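Novice: This structure is in structure tokens; I'll ask about it shortly.
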Amino acid sequence: MSSPLRRRGLPAAAAAPVGLALAAALAGCGSPSAAGDDGRLDVVASPPAFLEVVERVGGDAVDATGATPPGADAHAAELTGEQVGGVVDADLAVFAAGLAPSVDEAVALREGPSLDLMGVEGASPEDPHVWLDPALMADVAERVAAQLAELDPDAADAYGQRADAYVEELHALDTDLAEQLAPCRGAVLVTAHEAFGYLADRYGLEQTGITGIDPDVEPTPARLRDVAATVREAGVETVFFDDVTSTGVAQVLADEAGVATAVLSPLETSVEPDYVSAMRENAQVLRDGLVCDA
Ligand SMILES: [Zn+2]
């Protein structure tokens with residue numbers, strides 16, 4: 001599998017100021033559905049979980065690149081002129097509208113096709129974190145395969161076969177997580193940022209976020225009092241941090257309530273070593289930190 005860190009070659013014009021880079025990128029967009037010089041489709045994707053889907057389903061027929069810089073918090077990522085040009089110029093952009101405003105803006109400049117995965121059944125426009133439900137990820141993989149097949153019909157069978165294999169892994173993951181988290185049904189999941197609503201819905205947990213859907217918006221004092229009350233009343237034992245939200249407020253809340261902290265990954269900055277493994281790790285962290293039946 002190709003590395004998410006790999007960047008495809010950028011056009012010479014990409015070094016020019018944003019406006020010029022965009023103009024050059026748009027000018028090069030005459031046949032947006034054609035594969036590149038090497039016969040592979042150039043696909044940009046964000047967040048990293050969707051990049052993994054593109055790499056798994058696309059295989060060697062696709063040159064996949066992250067739309068946001070590796071390690072960046074998707075919610076707050078700023079794109080350089082080169083990166084905007086990369087999004088505009090790609091054969092396909094795969095994204096979740098509402099997650100990363102900078103990516104949404106770059107995608108809006110495209111003339112070629114874009115695949116907004118907020119179109120999966122069960123997605124709510126208020127919450128872009130659809131990849132955190134393995135069952136929705138299976139739908140994501142099928143949609144990516146269908147879109148790639150439309151752009152590159154000769155490889156349609158290969159896309160379909162790779163998608164089937166990945167979907168099988170995702171369904172096995174879903175079955176395992178459902179079993180592992182069954183004793184935790186109804187548990188209150190206190191998170192630093194509300195990234196885990198789809199996961200919570202899938203496995204019968206009740207998410208309460210200290211910050212909201214966007215981790216960069218500071219919670220109000222009233223919000224903190226509400227969460228602290230929930231922690232007390234529900235007998236919550238753990239406050240779950242993540243790797244994109246600043247830990248200060250969550251740590252103070254956990255200290256004041258006298259409860260533990262643990263780190264849950266929203267898979268927004270990276271997917272290490274891969275989606276299925278990272279989600280299994282998340283499930284174990286939940287099983288250890290939530291109040292579950294023995
Ligand atoms: Zn998020």
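Chain labels follow the order of the structure tokens: the first chain is A, the next B, and so on; residue numbering restarts at 1 in every chain, and ligands are counted from 1 in their shown order.
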I'd like the neighbourhood of Gln147 of chain A as a list in words, where a residue qualifies if any of its atoms comes within 12 Å (using only C-alpha atoms), though same-chain residues fewer than 4 positions away should be ignored.
Specialist: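 Result of the neighbour search: Ser33, Leu41, Val43, Val54, Val57, Gly58, Asp91, Leu92, Ala93, Val94, Pro113, Ser114, Leu115, Asp116, Leu117, Val140, Ala141, Glu142, Arg143, Leu151, Asp152, Pro153, Ala155, Ala156, Tyr159, Gly160 and Ala163 of chain A.
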Novice: Among the residues of segment 71-251 of chain A, find those DSSP assigns to helix (DSSP H, G or I) from the backbone and print them as a PyMOL selection string.
Specialist: chain A and resi 81-89+101-108+117-119+130-132+134-151+153-184+197-203+221-234+248-251
Novice: Compute the set of protein, DNA and RNA residues whose minimum atom distance to ligand 1 is at most 9 Å, using only C-alpha atoms and all ligand atoms, and state it as number ranges by chain.
Specialist: A: 73-75, 99, 127-129, 193-196, 212-215, 244-245, 266-268
Novice: Tell me which of A:Thr230, A:Ser270, A:Thr238, A:Thr220 sits closest to Thr208 of chain A, counting only C-alpha atoms.
Specialist: A:Thr230
Novice: Between A:Leu253, A:Ala61, A:Val239, A:Ala49, single out the one closest to Asp154 of chain A, counting only C-alpha atoms.
Specialist: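 Counting only C-alpha atoms, the residue closest to Asp154 of chain A is A:Ala61.
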Novice: Of the candidates A:Arg287, A:Arg223, A:Arg110, A:Arg162, which one gets nearest to Asp60 of chain A if we count only C-alpha atoms?
Specialist: A:Arg162
Novice: Taking only C-alpha atoms into account, name the residue in A:Thr211, A:Gln161, A:Ser124, A:Ser46 that is nearest to Val87 of chain A.
Specialist: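 Looking only at the distances to Val87 of chain A, the closest residue turns out to be A:Ser46.
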Novice: Between A:Ala262, A:Val291, A:Val271, A:Leu79, which is the closest to Leu205 of chain A once you count only C-alpha atoms?
Specialist: A:Val291
Novice: Could you give me the residues within segment 76-282 of chain A that DSSP places in strand (DSSP E or B), as a compact mmCIF listing (two decimals) with N, CA, C and O atoms, in the first residue's frame?
Specialist:
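The resulting file, selection_23.txt, is shown below:
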```
# COMPACT_ATOMS: atom_id res chain seq x y z
N LEU A 92 -10.20 13.28 -9.07
CA LEU A 92 -11.34 13.07 -8.16
C LEU A 92 -10.95 13.59 -6.77
O LEU A 92 -9.81 13.40 -6.32
N ALA A 93 -11.90 14.25 -6.09
CA ALA A 93 -11.71 14.65 -4.70
C ALA A 93 -12.73 13.90 -3.84
O ALA A 93 -13.90 13.86 -4.16
N VAL A 94 -12.24 13.27 -2.78
CA VAL A 94 -13.09 12.51 -1.87
C VAL A 94 -13.03 13.20 -0.51
O VAL A 94 -11.93 13.40 0.03
N PHE A 95 -14.17 13.58 0.05
CA PHE A 95 -14.16 14.38 1.27
C PHE A 95 -15.48 14.24 2.01
O PHE A 95 -16.39 13.55 1.55
N SER A 114 -16.46 15.27 -7.70
CA SER A 114 -16.10 15.19 -6.29
C SER A 114 -17.07 14.22 -5.64
O SER A 114 -18.23 14.12 -6.03
N LEU A 115 -16.56 13.48 -4.65
CA LEU A 115 -17.41 12.52 -3.94
C LEU A 115 -17.52 12.97 -2.49
O LEU A 115 -16.56 12.83 -1.71
N ASP A 116 -18.68 13.52 -2.12
CA ASP A 116 -18.93 13.96 -0.75
C ASP A 116 -19.52 12.78 0.03
O ASP A 116 -20.65 12.37 -0.23
N SER A 124 -25.54 12.54 9.15
CA SER A 124 -26.31 13.73 9.49
C SER A 124 -25.48 14.95 9.11
O SER A 124 -24.30 15.00 9.43
N ASP A 127 -22.95 16.47 11.53
CA ASP A 127 -21.78 15.79 12.09
C ASP A 127 -21.01 15.05 10.99
O ASP A 127 -21.48 14.03 10.47
N VAL A 188 -22.31 6.26 29.48
CA VAL A 188 -22.09 7.64 29.05
C VAL A 188 -20.63 7.80 28.65
O VAL A 188 -19.72 7.49 29.42
N LEU A 189 -20.43 8.26 27.41
CA LEU A 189 -19.09 8.45 26.84
C LEU A 189 -18.77 9.94 26.85
O LEU A 189 -19.32 10.70 26.06
N VAL A 190 -17.93 10.37 27.80
CA VAL A 190 -17.57 11.79 27.89
C VAL A 190 -16.29 12.01 27.08
O VAL A 190 -15.24 11.46 27.40
N THR A 191 -16.41 12.79 26.01
CA THR A 191 -15.28 13.01 25.11
C THR A 191 -14.87 14.48 25.12
O THR A 191 -15.68 15.36 25.40
N GLU A 206 -23.84 6.70 24.97
CA GLU A 206 -24.38 8.06 24.96
C GLU A 206 -23.25 9.05 25.06
O GLU A 206 -22.63 9.20 26.10
N GLN A 207 -22.97 9.74 23.95
CA GLN A 207 -21.85 10.67 23.92
C GLN A 207 -22.22 12.03 24.53
O GLN A 207 -23.26 12.60 24.22
N THR A 208 -21.33 12.53 25.41
CA THR A 208 -21.42 13.92 25.88
C THR A 208 -20.07 14.56 25.60
O THR A 208 -19.06 14.11 26.15
N GLY A 209 -20.03 15.57 24.77
CA GLY A 209 -18.77 16.22 24.42
C GLY A 209 -18.53 17.47 25.24
O GLY A 209 -19.45 18.21 25.54
N THR A 238 -14.25 7.74 33.43
CA THR A 238 -13.16 8.18 32.55
C THR A 238 -13.62 9.33 31.65
O THR A 238 -14.72 9.28 31.11
N VAL A 239 -12.76 10.33 31.51
CA VAL A 239 -12.96 11.37 30.48
C VAL A 239 -12.00 11.04 29.35
O VAL A 239 -10.81 10.83 29.57
N PHE A 240 -12.54 10.97 28.13
CA PHE A 240 -11.73 10.56 26.97
C PHE A 240 -11.20 11.78 26.22
O PHE A 240 -11.99 12.58 25.70
N PHE A 241 -9.88 11.88 26.18
CA PHE A 241 -9.21 12.91 25.38
C PHE A 241 -9.07 12.40 23.95
O PHE A 241 -9.30 11.23 23.66
N ALA A 260 -10.58 9.20 35.91
CA ALA A 260 -9.40 8.94 35.08
C ALA A 260 -9.54 9.61 33.71
O ALA A 260 -10.63 10.08 33.34
N THR A 261 -8.44 9.63 32.97
CA THR A 261 -8.49 10.07 31.58
C THR A 261 -7.90 8.97 30.69
O THR A 261 -7.12 8.14 31.15
N ALA A 262 -8.33 8.96 29.44
CA ALA A 262 -7.78 8.01 28.46
C ALA A 262 -7.81 8.71 27.10
O ALA A 262 -8.49 9.72 26.94
N VAL A 263 -7.07 8.19 26.15
CA VAL A 263 -7.01 8.82 24.82
C VAL A 263 -7.69 7.94 23.78
O VAL A 263 -7.35 6.78 23.59
```
Novice: Could you check the closest approach to Glu168 of chain A for each of A:Ser246, A:Val276, A:Asp216, A:Ala64 and tell me which residue wins, using only C-alpha atoms?
Specialist: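 Smallest distance to Glu168 of chain A is found for A:Val276.
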